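Student: Below is one structure. I have some questions about it.
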Amino acid sequence: MTLFSLSNSKCFWGTSIALAFYLSFLYIVNSSTLQTPSPNPCKDPYKQLRLILNPNGTVTRSNKPPESPPAPDPNLNILVLSKDLTINQSKGTWARIYLPRKALDHSSKLPLVVFFHGGGFIFLSAASTIFHDFCFNMANDVVAVVASIEYRLAPEHRLPAAYEDAMEALHWITTNRTDDWVRNYVDYYNVFLMGSSAGGNIAYNAGLRAASGDDQISKIRGLILVQPFFGGTLRTASELRLANEPHLSLCTNDMLWELSLPVGVDRDYEYCNPTVGDGPVRLEKIRRLGWWILVTGCGGDPLVDRQMGLVRLMEKKGVRVVGHFTEGDYHGVQDVDPLKAKQLYAVMKSFISSLPSRG
């Protein structure tokens with residue numbers, strides 16, 4: 001397991017409205033009572049998430065997060081251009097493409113990062129200001145084209161709907177020859193699937209599906225999993241130690257899986273727990289393809305033991321994996337702390353640039 005060394009960087013980027021909302025979101029997904037053993041019952045996670053569960057299995061989301069429009073005009077004095085492209089109108093899926101202005105004067109084509117946002121599978125959007133700003137700065141700092149994918153949310157569309165949307169998006173963007181940004185600036189043999197939290201879970205499961213026979217596998221270099229969201233019925237030490245962690249409590253974690261997994265399965269289902277079923281065997285396909293995997297996490301995240309366990313499993317299976325884990329912090333820290341985000345971009349850029357040339 002390899003740890004990158006990070007240098008201090010000056011804070012950058014800030015959209016106060018977006019940060020305020022996302023901080024409130026992280027604290028909304030909070031239960032302060034569940035421990036093992038616990039003298040108090042778990043509080044109602046639906047109330048804490050400000051969700052109303054409807055009789056038909058859908059939810060009413062009482063909060064509307066702030067959203068940002070794209071900025072496609074090259075005459076604007078901004079570092080990164082962005083625009084929205086439809087993937088599947090009937091499903092309501094689309095991609096926001098981010099093109100760093102540096103690419104306009106770049107002699108070679110750029111890596112493509114296909115990004116899936118977090119939000120527990122049930123919240124937020126590719127248009128959410130917090131993710132718009134994150135992808136804007138990632139495209140500029142990493143010097144890559146970023147495609148942030150709008151996928152269908154649970155529980156209206158339970159898993160594997162998000163994985164299916166991810167695969168459709170991957171096929172769409174790697175075969176798209178009509179959009180000039182994608183056609184002119186993307187290196188189709190330098191594609192990475194990336195996601196944070198639930199988006200990390202989506203990137204991982206979409207990667208497994210691609211490795212199992214999709215015709216676009218030759219275009220994937222690897223996966224970038226930022227604090228990926230995994231679970232299981234047997235509690236880990238970090239889950240118990242951080243059961244009441246205010247950014248992602250154990251009680252809320254369980255409820256998010258209850259709303260997202262197929263009806264009738266538990267957290268030891270393959271979508272949630274990558275160590276069960278044929279999950280370990282499927283990693284061997286990634287090994288044979290020679291993909292590189294970056295997994296990042298932090299000691300203050302209740303899910304850190306599962307993330308580190310996945311790295312150990314990959315190492316055991318011979319997958320080319322880099323684990324980057326830091327002390328302290330919390331789940332989703334890079335979404336609200338500009339310095340942590342900038343440090344993550346540096347890790348990503350080092351990871352991508354260190355890979356041998358291809359194509």
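Letters for chains follow the order of the structure tokens (A, B, ...), residue numbers begin at 1 for each chain, and ligand numbers begin at 1 in the order shown.
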Segment 328-334 of chain A: which residues within 12 Å, counting only C-alpha atoms, same-chain residues fewer than 2 positions away excluded, as a short mmCIF file (atom, residue, chain, number, x, y, z; two decimals) with all heavy atoms, in the first residue's frame?

Tutor:
```cif
data_model
loop_
_atom_site.label_atom_id
_atom_site.label_comp_id
_atom_site.auth_asym_id
_atom_site.auth_seq_id
_atom_site.Cartn_x
_atom_site.Cartn_y
_atom_site.Cartn_z
N LEU A 19 -21.09 25.61 -0.03
CA LEU A 19 -20.44 25.03 1.14
C LEU A 19 -21.41 24.97 2.30
O LEU A 19 -21.47 23.98 3.03
CB LEU A 19 -19.22 25.87 1.52
CG LEU A 19 -18.03 25.79 0.57
CD1 LEU A 19 -16.92 26.70 1.07
CD2 LEU A 19 -17.54 24.38 0.42
N TYR A 22 -23.81 22.09 1.69
CA TYR A 22 -23.26 20.75 1.82
C TYR A 22 -22.86 20.43 3.25
O TYR A 22 -22.99 19.31 3.70
CB TYR A 22 -22.07 20.57 0.88
CG TYR A 22 -21.82 19.12 0.58
CD1 TYR A 22 -22.72 18.41 -0.21
CD2 TYR A 22 -20.72 18.45 1.08
CE1 TYR A 22 -22.52 17.08 -0.49
CE2 TYR A 22 -20.51 17.11 0.81
CZ TYR A 22 -21.41 16.43 0.02
OH TYR A 22 -21.21 15.10 -0.25
N LEU A 23 -22.39 21.44 3.96
CA LEU A 23 -22.12 21.23 5.38
C LEU A 23 -23.40 20.83 6.10
O LEU A 23 -23.41 19.92 6.92
CB LEU A 23 -21.52 22.49 5.99
CG LEU A 23 -20.03 22.72 5.73
CD1 LEU A 23 -19.63 24.12 6.19
CD2 LEU A 23 -19.20 21.67 6.45
N PHE A 25 -25.95 19.41 4.72
CA PHE A 25 -26.31 18.06 4.27
C PHE A 25 -25.53 17.01 5.06
O PHE A 25 -26.08 16.03 5.53
CB PHE A 25 -26.01 17.91 2.78
CG PHE A 25 -26.04 16.47 2.31
CD1 PHE A 25 -27.23 15.80 2.16
CD2 PHE A 25 -24.86 15.80 2.06
CE1 PHE A 25 -27.25 14.49 1.76
CE2 PHE A 25 -24.87 14.49 1.65
CZ PHE A 25 -26.07 13.83 1.50
N LEU A 26 -24.21 17.24 5.21
CA LEU A 26 -23.39 16.28 5.93
C LEU A 26 -23.84 16.14 7.37
O LEU A 26 -23.80 15.07 7.95
CB LEU A 26 -21.92 16.69 5.87
CG LEU A 26 -21.25 16.54 4.51
CD1 LEU A 26 -19.84 17.13 4.55
CD2 LEU A 26 -21.19 15.09 4.08
N TYR A 27 -24.32 17.23 7.96
CA TYR A 27 -24.78 17.14 9.33
C TYR A 27 -26.20 16.62 9.42
O TYR A 27 -26.61 16.07 10.44
CB TYR A 27 -24.66 18.51 10.02
CG TYR A 27 -23.26 18.77 10.51
CD1 TYR A 27 -22.38 19.53 9.71
CD2 TYR A 27 -22.79 18.24 11.70
CE1 TYR A 27 -21.08 19.75 10.12
CE2 TYR A 27 -21.48 18.46 12.11
CZ TYR A 27 -20.64 19.22 11.32
OH TYR A 27 -19.36 19.42 11.73
N VAL A 29 -27.23 14.13 7.54
CA VAL A 29 -27.06 12.68 7.53
C VAL A 29 -26.29 12.29 8.78
O VAL A 29 -25.15 11.87 8.73
CB VAL A 29 -26.34 12.18 6.25
CG1 VAL A 29 -27.23 12.36 5.07
CG2 VAL A 29 -25.03 12.91 5.99
N ASN A 30 -26.94 12.47 9.92
CA ASN A 30 -26.28 12.32 11.21
C ASN A 30 -27.23 11.73 12.23
O ASN A 30 -28.33 12.21 12.41
CB ASN A 30 -25.79 13.70 11.68
CG ASN A 30 -25.52 13.73 13.17
OD1 ASN A 30 -25.00 12.77 13.73
ND2 ASN A 30 -25.91 14.81 13.80
N HIS A 117 -20.97 11.64 -8.81
CA HIS A 117 -21.05 12.41 -7.57
C HIS A 117 -21.54 11.55 -6.40
O HIS A 117 -22.11 10.48 -6.58
CB HIS A 117 -21.98 13.62 -7.75
CG HIS A 117 -23.42 13.26 -7.95
ND1 HIS A 117 -24.26 12.91 -6.92
CD2 HIS A 117 -24.19 13.21 -9.08
CE1 HIS A 117 -25.48 12.67 -7.39
NE2 HIS A 117 -25.46 12.83 -8.70
N GLY A 118 -21.30 12.04 -5.20
CA GLY A 118 -21.79 11.40 -3.99
C GLY A 118 -23.18 11.87 -3.61
O GLY A 118 -23.81 12.64 -4.32
N GLY A 119 -23.63 11.41 -2.44
CA GLY A 119 -24.96 11.77 -1.96
C GLY A 119 -25.76 10.57 -1.50
O GLY A 119 -26.99 10.63 -1.45
N GLY A 120 -25.07 9.47 -1.16
CA GLY A 120 -25.77 8.30 -0.62
C GLY A 120 -26.70 7.63 -1.60
O GLY A 120 -27.63 6.94 -1.19
N ILE A 130 -21.90 22.31 -5.32
CA ILE A 130 -20.75 21.73 -4.65
C ILE A 130 -19.95 20.83 -5.58
O ILE A 130 -18.72 20.82 -5.56
CB ILE A 130 -21.18 20.99 -3.37
CG1 ILE A 130 -19.99 20.73 -2.46
CG2 ILE A 130 -21.94 19.73 -3.68
CD1 ILE A 130 -19.45 21.97 -1.79
N PHE A 131 -20.62 20.07 -6.44
CA PHE A 131 -19.93 19.18 -7.37
C PHE A 131 -19.51 19.91 -8.65
O PHE A 131 -18.50 19.56 -9.27
CB PHE A 131 -20.79 17.96 -7.69
CG PHE A 131 -21.03 17.09 -6.49
CD1 PHE A 131 -22.32 16.81 -6.07
CD2 PHE A 131 -19.98 16.58 -5.75
CE1 PHE A 131 -22.55 16.03 -4.95
CE2 PHE A 131 -20.20 15.81 -4.63
CZ PHE A 131 -21.48 15.53 -4.22
N ASP A 133 -18.40 22.99 -8.71
CA ASP A 133 -17.14 23.64 -8.35
C ASP A 133 -16.01 22.62 -8.20
O ASP A 133 -14.87 22.88 -8.60
CB ASP A 133 -17.31 24.42 -7.04
CG ASP A 133 -18.18 25.65 -7.20
OD1 ASP A 133 -18.46 26.03 -8.34
OD2 ASP A 133 -18.57 26.24 -6.17
N PHE A 134 -16.32 21.46 -7.63
CA PHE A 134 -15.31 20.42 -7.46
C PHE A 134 -14.76 19.98 -8.81
O PHE A 134 -13.54 19.87 -9.00
CB PHE A 134 -15.91 19.23 -6.71
CG PHE A 134 -14.96 18.10 -6.46
CD1 PHE A 134 -14.11 18.11 -5.36
CD2 PHE A 134 -14.90 17.01 -7.32
CE1 PHE A 134 -13.22 17.07 -5.13
CE2 PHE A 134 -14.01 15.97 -7.10
CZ PHE A 134 -13.17 16.00 -6.00
N CYS A 135 -15.64 19.72 -9.76
CA CYS A 135 -15.20 19.26 -11.09
C CYS A 135 -14.51 20.38 -11.87
O CYS A 135 -13.55 20.13 -12.62
CB CYS A 135 -16.39 18.71 -11.88
SG CYS A 135 -17.03 17.15 -11.24
N ASN A 137 -12.63 22.77 -10.64
CA ASN A 137 -11.27 22.89 -10.14
C ASN A 137 -10.44 21.64 -10.42
O ASN A 137 -9.23 21.73 -10.64
CB ASN A 137 -11.29 23.20 -8.65
CG ASN A 137 -11.75 24.62 -8.38
OD1 ASN A 137 -11.06 25.58 -8.67
ND2 ASN A 137 -12.96 24.76 -7.85
N MET A 138 -11.09 20.47 -10.43
CA MET A 138 -10.37 19.25 -10.78
C MET A 138 -9.88 19.31 -12.22
O MET A 138 -8.74 18.94 -12.52
CB MET A 138 -11.28 18.03 -10.57
CG MET A 138 -10.66 16.72 -11.03
SD MET A 138 -11.53 15.25 -10.45
CE MET A 138 -13.19 15.52 -11.10
N GLY A 195 -15.23 8.37 -8.70
CA GLY A 195 -16.40 8.76 -7.92
C GLY A 195 -16.02 8.99 -6.48
O GLY A 195 -15.02 8.45 -5.99
N SER A 196 -16.81 9.81 -5.80
CA SER A 196 -16.61 10.04 -4.38
C SER A 196 -17.81 9.49 -3.62
O SER A 196 -18.96 9.62 -4.06
CB SER A 196 -16.44 11.53 -4.08
OG SER A 196 -17.58 12.27 -4.47
N SER A 197 -17.55 8.82 -2.50
CA SER A 197 -18.58 8.24 -1.64
C SER A 197 -19.45 7.27 -2.45
O SER A 197 -18.93 6.32 -3.03
CB SER A 197 -19.41 9.35 -0.99
OG SER A 197 -20.26 8.83 0.00
N ALA A 198 -20.76 7.53 -2.55
CA ALA A 198 -21.61 6.65 -3.35
C ALA A 198 -21.15 6.61 -4.80
O ALA A 198 -21.25 5.59 -5.48
CB ALA A 198 -23.07 7.10 -3.27
N GLY A 199 -20.62 7.73 -5.28
CA GLY A 199 -20.07 7.76 -6.64
C GLY A 199 -18.87 6.85 -6.79
O GLY A 199 -18.63 6.29 -7.86
N GLY A 200 -18.08 6.68 -5.71
CA GLY A 200 -16.98 5.74 -5.74
C GLY A 200 -17.46 4.31 -5.87
O GLY A 200 -16.86 3.49 -6.57
N VAL A 226 -12.70 7.68 -4.37
CA VAL A 226 -12.49 8.63 -3.28
C VAL A 226 -13.48 8.32 -2.16
O VAL A 226 -14.69 8.48 -2.33
CB VAL A 226 -12.66 10.08 -3.78
CG1 VAL A 226 -12.47 11.07 -2.64
CG2 VAL A 226 -11.69 10.37 -4.92
N GLN A 227 -12.96 7.83 -1.03
CA GLN A 227 -13.81 7.45 0.11
C GLN A 227 -15.01 6.62 -0.36
O GLN A 227 -16.16 6.94 -0.07
CB GLN A 227 -14.29 8.68 0.87
CG GLN A 227 -13.17 9.48 1.51
CD GLN A 227 -13.68 10.67 2.31
OE1 GLN A 227 -14.59 11.38 1.88
NE2 GLN A 227 -13.08 10.92 3.46
N PRO A 228 -14.78 5.54 -1.11
CA PRO A 228 -15.90 4.78 -1.68
C PRO A 228 -16.84 4.24 -0.60
O PRO A 228 -16.41 3.85 0.47
CB PRO A 228 -15.20 3.66 -2.45
CG PRO A 228 -13.86 3.53 -1.82
CD PRO A 228 -13.48 4.92 -1.41
N PHE A 229 -18.12 4.22 -0.95
CA PHE A 229 -19.20 3.87 -0.03
C PHE A 229 -19.49 2.38 -0.14
O PHE A 229 -20.13 1.92 -1.09
CB PHE A 229 -20.43 4.70 -0.41
CG PHE A 229 -21.57 4.63 0.57
CD1 PHE A 229 -21.37 4.88 1.92
CD2 PHE A 229 -22.86 4.34 0.13
CE1 PHE A 229 -22.43 4.84 2.81
CE2 PHE A 229 -23.92 4.30 1.02
CZ PHE A 229 -23.71 4.55 2.36
N SER A 238 -13.81 0.46 12.63
CA SER A 238 -13.98 1.91 12.42
C SER A 238 -15.45 2.30 12.45
O SER A 238 -15.79 3.41 12.89
CB SER A 238 -13.34 2.33 11.09
OG SER A 238 -13.95 1.70 9.98
N GLU A 239 -16.35 1.44 11.99
CA GLU A 239 -17.78 1.75 12.07
C GLU A 239 -18.24 1.84 13.52
O GLU A 239 -19.03 2.73 13.87
CB GLU A 239 -18.58 0.68 11.32
CG GLU A 239 -18.46 0.78 9.81
CD GLU A 239 -19.11 -0.39 9.09
OE1 GLU A 239 -19.31 -1.45 9.72
OE2 GLU A 239 -19.42 -0.24 7.89
N LEU A 242 -16.61 4.95 15.24
CA LEU A 242 -17.14 6.23 14.75
C LEU A 242 -18.65 6.14 14.49
O LEU A 242 -19.17 6.81 13.60
CB LEU A 242 -16.40 6.63 13.47
CG LEU A 242 -14.89 6.87 13.64
CD1 LEU A 242 -14.21 6.95 12.28
CD2 LEU A 242 -14.65 8.16 14.43
N GLU A 245 -20.29 9.45 14.44
CA GLU A 245 -19.59 10.50 13.71
C GLU A 245 -20.62 11.38 12.99
O GLU A 245 -21.46 10.87 12.26
CB GLU A 245 -18.63 9.87 12.71
CG GLU A 245 -17.39 10.71 12.40
CD GLU A 245 -17.71 11.92 11.57
OE1 GLU A 245 -18.51 11.81 10.62
OE2 GLU A 245 -17.15 12.99 11.85
N PRO A 246 -20.60 12.70 13.20
CA PRO A 246 -21.71 13.53 12.73
C PRO A 246 -21.84 13.65 11.22
O PRO A 246 -22.91 14.02 10.73
CB PRO A 246 -21.44 14.90 13.37
CG PRO A 246 -19.98 14.90 13.66
CD PRO A 246 -19.63 13.48 13.98
N HIS A 247 -20.79 13.36 10.46
CA HIS A 247 -20.88 13.50 9.01
C HIS A 247 -21.47 12.26 8.34
O HIS A 247 -21.97 12.35 7.22
CB HIS A 247 -19.50 13.80 8.43
CG HIS A 247 -18.89 15.05 8.99
ND1 HIS A 247 -18.09 15.04 10.11
CD2 HIS A 247 -18.98 16.34 8.60
CE1 HIS A 247 -17.71 16.28 10.39
NE2 HIS A 247 -18.24 17.08 9.49
N LEU A 248 -21.35 11.10 8.96
CA LEU A 248 -21.94 9.87 8.42
C LEU A 248 -22.07 8.86 9.57
O LEU A 248 -21.17 8.06 9.80
CB LEU A 248 -21.09 9.28 7.29
CG LEU A 248 -21.66 8.00 6.65
CD1 LEU A 248 -22.99 8.30 5.95
CD2 LEU A 248 -20.67 7.40 5.66
N SER A 249 -23.19 8.92 10.27
CA SER A 249 -23.38 8.01 11.40
C SER A 249 -23.77 6.63 10.90
O SER A 249 -24.21 6.44 9.77
CB SER A 249 -24.48 8.55 12.33
OG SER A 249 -25.74 8.42 11.70
N ASN A 253 -26.08 5.60 7.73
CA ASN A 253 -25.44 4.72 6.75
C ASN A 253 -26.36 3.54 6.43
O ASN A 253 -26.59 3.21 5.25
CB ASN A 253 -24.11 4.24 7.31
CG ASN A 253 -23.40 3.25 6.40
OD1 ASN A 253 -22.83 3.63 5.39
ND2 ASN A 253 -23.44 1.99 6.76
N THR A 296 -8.61 6.37 -2.08
CA THR A 296 -8.24 7.34 -1.06
C THR A 296 -9.24 7.28 0.09
O THR A 296 -10.41 6.93 -0.09
CB THR A 296 -8.20 8.78 -1.61
OG1 THR A 296 -9.53 9.26 -1.84
CG2 THR A 296 -7.41 8.83 -2.91
N GLY A 297 -8.77 7.61 1.28
CA GLY A 297 -9.62 7.62 2.45
C GLY A 297 -8.94 8.33 3.60
O GLY A 297 -7.81 8.81 3.48
N CYS A 298 -9.62 8.38 4.76
CA CYS A 298 -9.05 9.06 5.91
C CYS A 298 -9.50 8.36 7.19
O CYS A 298 -10.54 7.69 7.22
CB CYS A 298 -9.45 10.54 5.95
SG CYS A 298 -11.22 10.83 6.10
N GLY A 299 -8.71 8.54 8.24
CA GLY A 299 -8.94 7.83 9.48
C GLY A 299 -10.20 8.22 10.21
O GLY A 299 -10.69 7.46 11.05
N GLY A 300 -10.76 9.40 9.93
CA GLY A 300 -11.98 9.83 10.60
C GLY A 300 -13.26 9.42 9.90
O GLY A 300 -14.36 9.78 10.34
N ASP A 301 -13.15 8.64 8.83
CA ASP A 301 -14.31 8.14 8.09
C ASP A 301 -14.72 6.78 8.65
O ASP A 301 -13.88 5.87 8.70
CB ASP A 301 -13.96 8.02 6.61
CG ASP A 301 -15.12 7.55 5.74
OD1 ASP A 301 -16.21 7.29 6.27
OD2 ASP A 301 -14.91 7.44 4.52
N PRO A 302 -15.97 6.59 9.08
CA PRO A 302 -16.39 5.27 9.58
C PRO A 302 -16.16 4.15 8.58
O PRO A 302 -16.05 2.98 8.98
CB PRO A 302 -17.88 5.47 9.86
CG PRO A 302 -18.06 6.93 10.06
CD PRO A 302 -17.06 7.59 9.15
N LEU A 303 -16.07 4.46 7.29
CA LEU A 303 -15.93 3.44 6.26
C LEU A 303 -14.48 3.12 5.93
O LEU A 303 -14.21 2.32 5.04
CB LEU A 303 -16.65 3.89 4.98
CG LEU A 303 -18.12 4.30 5.13
CD1 LEU A 303 -18.71 4.68 3.77
CD2 LEU A 303 -18.94 3.20 5.78
N VAL A 304 -13.53 3.71 6.66
CA VAL A 304 -12.13 3.58 6.28
C VAL A 304 -11.64 2.13 6.35
O VAL A 304 -10.84 1.70 5.50
CB VAL A 304 -11.23 4.50 7.14
CG1 VAL A 304 -11.23 4.07 8.60
CG2 VAL A 304 -9.81 4.55 6.58
N GLN A 307 -12.59 0.44 3.16
CA GLN A 307 -11.80 0.94 2.05
C GLN A 307 -10.39 0.33 2.06
O GLN A 307 -9.88 -0.11 1.02
CB GLN A 307 -11.74 2.46 2.12
CG GLN A 307 -13.10 3.11 1.95
CD GLN A 307 -13.21 4.48 2.60
OE1 GLN A 307 -12.23 5.00 3.15
NE2 GLN A 307 -14.39 5.07 2.55
N PHE A 325 -4.17 6.94 2.30
CA PHE A 325 -4.98 7.15 3.49
C PHE A 325 -4.28 8.11 4.43
O PHE A 325 -3.08 7.98 4.69
CB PHE A 325 -5.27 5.82 4.19
CG PHE A 325 -6.10 4.88 3.37
CD1 PHE A 325 -5.50 3.95 2.52
CD2 PHE A 325 -7.47 4.94 3.41
CE1 PHE A 325 -6.26 3.11 1.74
CE2 PHE A 325 -8.25 4.09 2.65
CZ PHE A 325 -7.64 3.17 1.80
N THR A 326 -5.04 9.10 4.93
CA THR A 326 -4.49 10.10 5.82
C THR A 326 -5.17 9.99 7.18
O THR A 326 -6.22 9.36 7.33
CB THR A 326 -4.72 11.51 5.26
OG1 THR A 326 -6.14 11.72 5.04
CG2 THR A 326 -4.00 11.68 3.93
N VAL A 336 -15.97 19.89 1.01
CA VAL A 336 -16.24 21.15 1.73
C VAL A 336 -14.98 21.87 2.17
O VAL A 336 -15.06 23.00 2.62
CB VAL A 336 -17.14 20.88 2.96
CG1 VAL A 336 -18.50 20.39 2.53
CG2 VAL A 336 -16.49 19.89 3.92
N ASP A 337 -13.83 21.24 2.05
CA ASP A 337 -12.57 21.85 2.47
C ASP A 337 -11.72 22.08 1.23
O ASP A 337 -11.19 21.12 0.65
CB ASP A 337 -11.85 20.95 3.47
CG ASP A 337 -10.60 21.59 4.05
OD1 ASP A 337 -9.96 22.39 3.34
OD2 ASP A 337 -10.25 21.29 5.21
N PRO A 338 -11.56 23.33 0.77
CA PRO A 338 -10.81 23.60 -0.46
C PRO A 338 -9.38 23.08 -0.44
O PRO A 338 -8.87 22.61 -1.45
CB PRO A 338 -10.85 25.12 -0.57
CG PRO A 338 -12.06 25.53 0.20
CD PRO A 338 -12.16 24.56 1.34
N LEU A 339 -8.70 23.15 0.73
CA LEU A 339 -7.33 22.67 0.80
C LEU A 339 -7.28 21.16 0.60
O LEU A 339 -6.41 20.66 -0.13
CB LEU A 339 -6.72 23.03 2.15
CG LEU A 339 -5.30 22.50 2.41
CD1 LEU A 339 -4.33 23.01 1.34
CD2 LEU A 339 -4.83 22.88 3.81
N LYS A 340 -8.22 20.42 1.21
CA LYS A 340 -8.25 18.97 1.05
C LYS A 340 -8.55 18.59 -0.39
O LYS A 340 -8.01 17.61 -0.92
CB LYS A 340 -9.28 18.35 1.99
CG LYS A 340 -9.00 18.58 3.47
CD LYS A 340 -7.68 17.95 3.88
CE LYS A 340 -7.42 18.15 5.37
NZ LYS A 340 -6.12 17.56 5.79
N ALA A 341 -9.42 19.36 -1.04
CA ALA A 341 -9.72 19.10 -2.45
C ALA A 341 -8.48 19.31 -3.31
O ALA A 341 -8.16 18.49 -4.17
CB ALA A 341 -10.85 20.00 -2.93
N LYS A 342 -7.76 20.39 -3.05
CA LYS A 342 -6.56 20.67 -3.84
C LYS A 342 -5.50 19.60 -3.63
O LYS A 342 -4.79 19.22 -4.57
CB LYS A 342 -6.01 22.05 -3.49
CG LYS A 342 -5.04 22.59 -4.54
CD LYS A 342 -4.82 24.06 -4.37
CE LYS A 342 -3.96 24.63 -5.49
NZ LYS A 342 -4.64 24.65 -6.80
N GLN A 343 -5.38 19.10 -2.41
CA GLN A 343 -4.45 18.02 -2.13
C GLN A 343 -4.86 16.75 -2.88
O GLN A 343 -4.01 16.02 -3.41
CB GLN A 343 -4.37 17.76 -0.64
CG GLN A 343 -3.69 18.86 0.13
CD GLN A 343 -3.72 18.66 1.64
OE1 GLN A 343 -4.57 17.93 2.16
NE2 GLN A 343 -2.82 19.29 2.34
N LEU A 344 -6.16 16.49 -2.94
CA LEU A 344 -6.64 15.33 -3.68
C LEU A 344 -6.30 15.46 -5.16
O LEU A 344 -5.87 14.48 -5.80
CB LEU A 344 -8.15 15.17 -3.50
CG LEU A 344 -8.82 14.08 -4.34
CD1 LEU A 344 -8.28 12.70 -3.99
CD2 LEU A 344 -10.34 14.12 -4.15
N TYR A 345 -6.49 16.64 -5.74
CA TYR A 345 -6.15 16.83 -7.15
C TYR A 345 -4.67 16.55 -7.39
O TYR A 345 -4.29 15.97 -8.42
CB TYR A 345 -6.46 18.27 -7.59
CG TYR A 345 -7.87 18.72 -7.37
CD1 TYR A 345 -8.15 20.06 -7.08
CD2 TYR A 345 -8.95 17.85 -7.45
CE1 TYR A 345 -9.45 20.51 -6.89
CE2 TYR A 345 -10.25 18.28 -7.24
CZ TYR A 345 -10.49 19.61 -6.95
OH TYR A 345 -11.78 20.05 -6.75
#
```

Student: Based on DSSP run over this structure's backbone, return all residues of segment 130-223 of chain A in strand (DSSP E), as number ranges by chain.

Tutor: A: 145-150, 186-196, 220-223

Student: Any idea what's packed within 12 Å of Gly309 of chain A, counting only C-alpha atoms, ignoring anything in its chain fewer than 3 positions away? Could you give it as number ranges by chain?

Tutor: A: 1, 228, 230-231, 236-238, 273-275, 280, 295, 297, 303-306, 312-316, 323

Student: Rounded to one decimal place, report the atom CA of Arg267 of chain A-atom CA of Ala154 of chain A distance in Å.

Tutor: 15.6 Å

Student: Kindly indicate which residue among A:Ser90, A:Glu150, A:Arg101, A:Gln48 lies nearest to Pro72 of chain A, using only C-alpha atoms for the distances.

Tutor: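 For Pro72 of chain A, the nearest of the given residues is A:Arg101.
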
Student: Here is a test: counting only C-alpha atoms, which residue of A:Arg61, A:Lys47, A:Arg158, A:Lys102 is nearest to Gly264 of chain A?

Tutor: A:Arg158

Student: Would you work out the distance separating atom CA of Leu81 of chain A from atom CA of Leu99 of chain A, expressed in Å to one decimal?

Tutor: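 Separating atom CA of Leu81 of chain A from atom CA of Leu99 of chain A is a distance of 5.1 Å.
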
Student: Of the residues A:Thr93, A:Leu104, A:Asn63, A:Ser148, which is the one nearest to Ala161 of chain A, using only C-alpha atoms?

Tutor: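 Selected residue with least distance to Ala161 of chain A: A:Thr93.
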
Student: Between A:His324, A:Trp291, A:Asn140, A:Cys251, which has the minimum distance to Pro45 of chain A (counting only C-alpha atoms)?

Tutor: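 Going through A:His324, A:Trp291, A:Asn140, A:Cys251 one by one, the smallest distance to Pro45 of chain A is for A:Cys251.
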
Student: Between atom CA of Arg282 of chain A and atom CA of Tyr163 of chain A, measure the distance and give it in Å to one decimal.

Tutor: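 These two atoms are separated by 15.8 Å.
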
Student: So that I can check the surroundings of segment 182-188 of chain A, please list as a ChimeraX atom specification every protein, DNA and RNA residue that reaches within 12 Å of it, counting only C-alpha atoms and ignoring chain neighbours fewer than 2 positions away.

Tutor: /A:82-83,85,95-114,143-147,170-180,190-192,216-221,357-359

Student: Determine the nearest neighbour of Ala139 of chain A from the options A:Leu153, A:Val80, A:Ile87, A:Met308, counting only C-alpha atoms.

Tutor: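 Counting only C-alpha atoms, the residue closest to Ala139 of chain A is A:Val80.
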
Student: Among segment 202-306 of chain A, which residues carry a DSSP assignment of alpha helix (DSSP H), reported as number ranges by chain?

Tutor: A: 202-211, 237-241, 250-260, 279-289, 304-306

Student: Which of these, A:Arg241, A:Pro65, A:Pro160, A:Tyr269, has the shortest distance to Thr129 of chain A once you count only C-alpha atoms?

Tutor: A:Pro65

Student: At a cut-off of 12 Å, using only C-alpha atoms, what residues contact Leu51 of chain A? Leave out same-chain residues fewer than 2 positions from it and give the result as a ChimeraX atom specification.

Tutor: /A:25,28-29,44-49,53-54,57-64,122-123,155,252,255-256,259
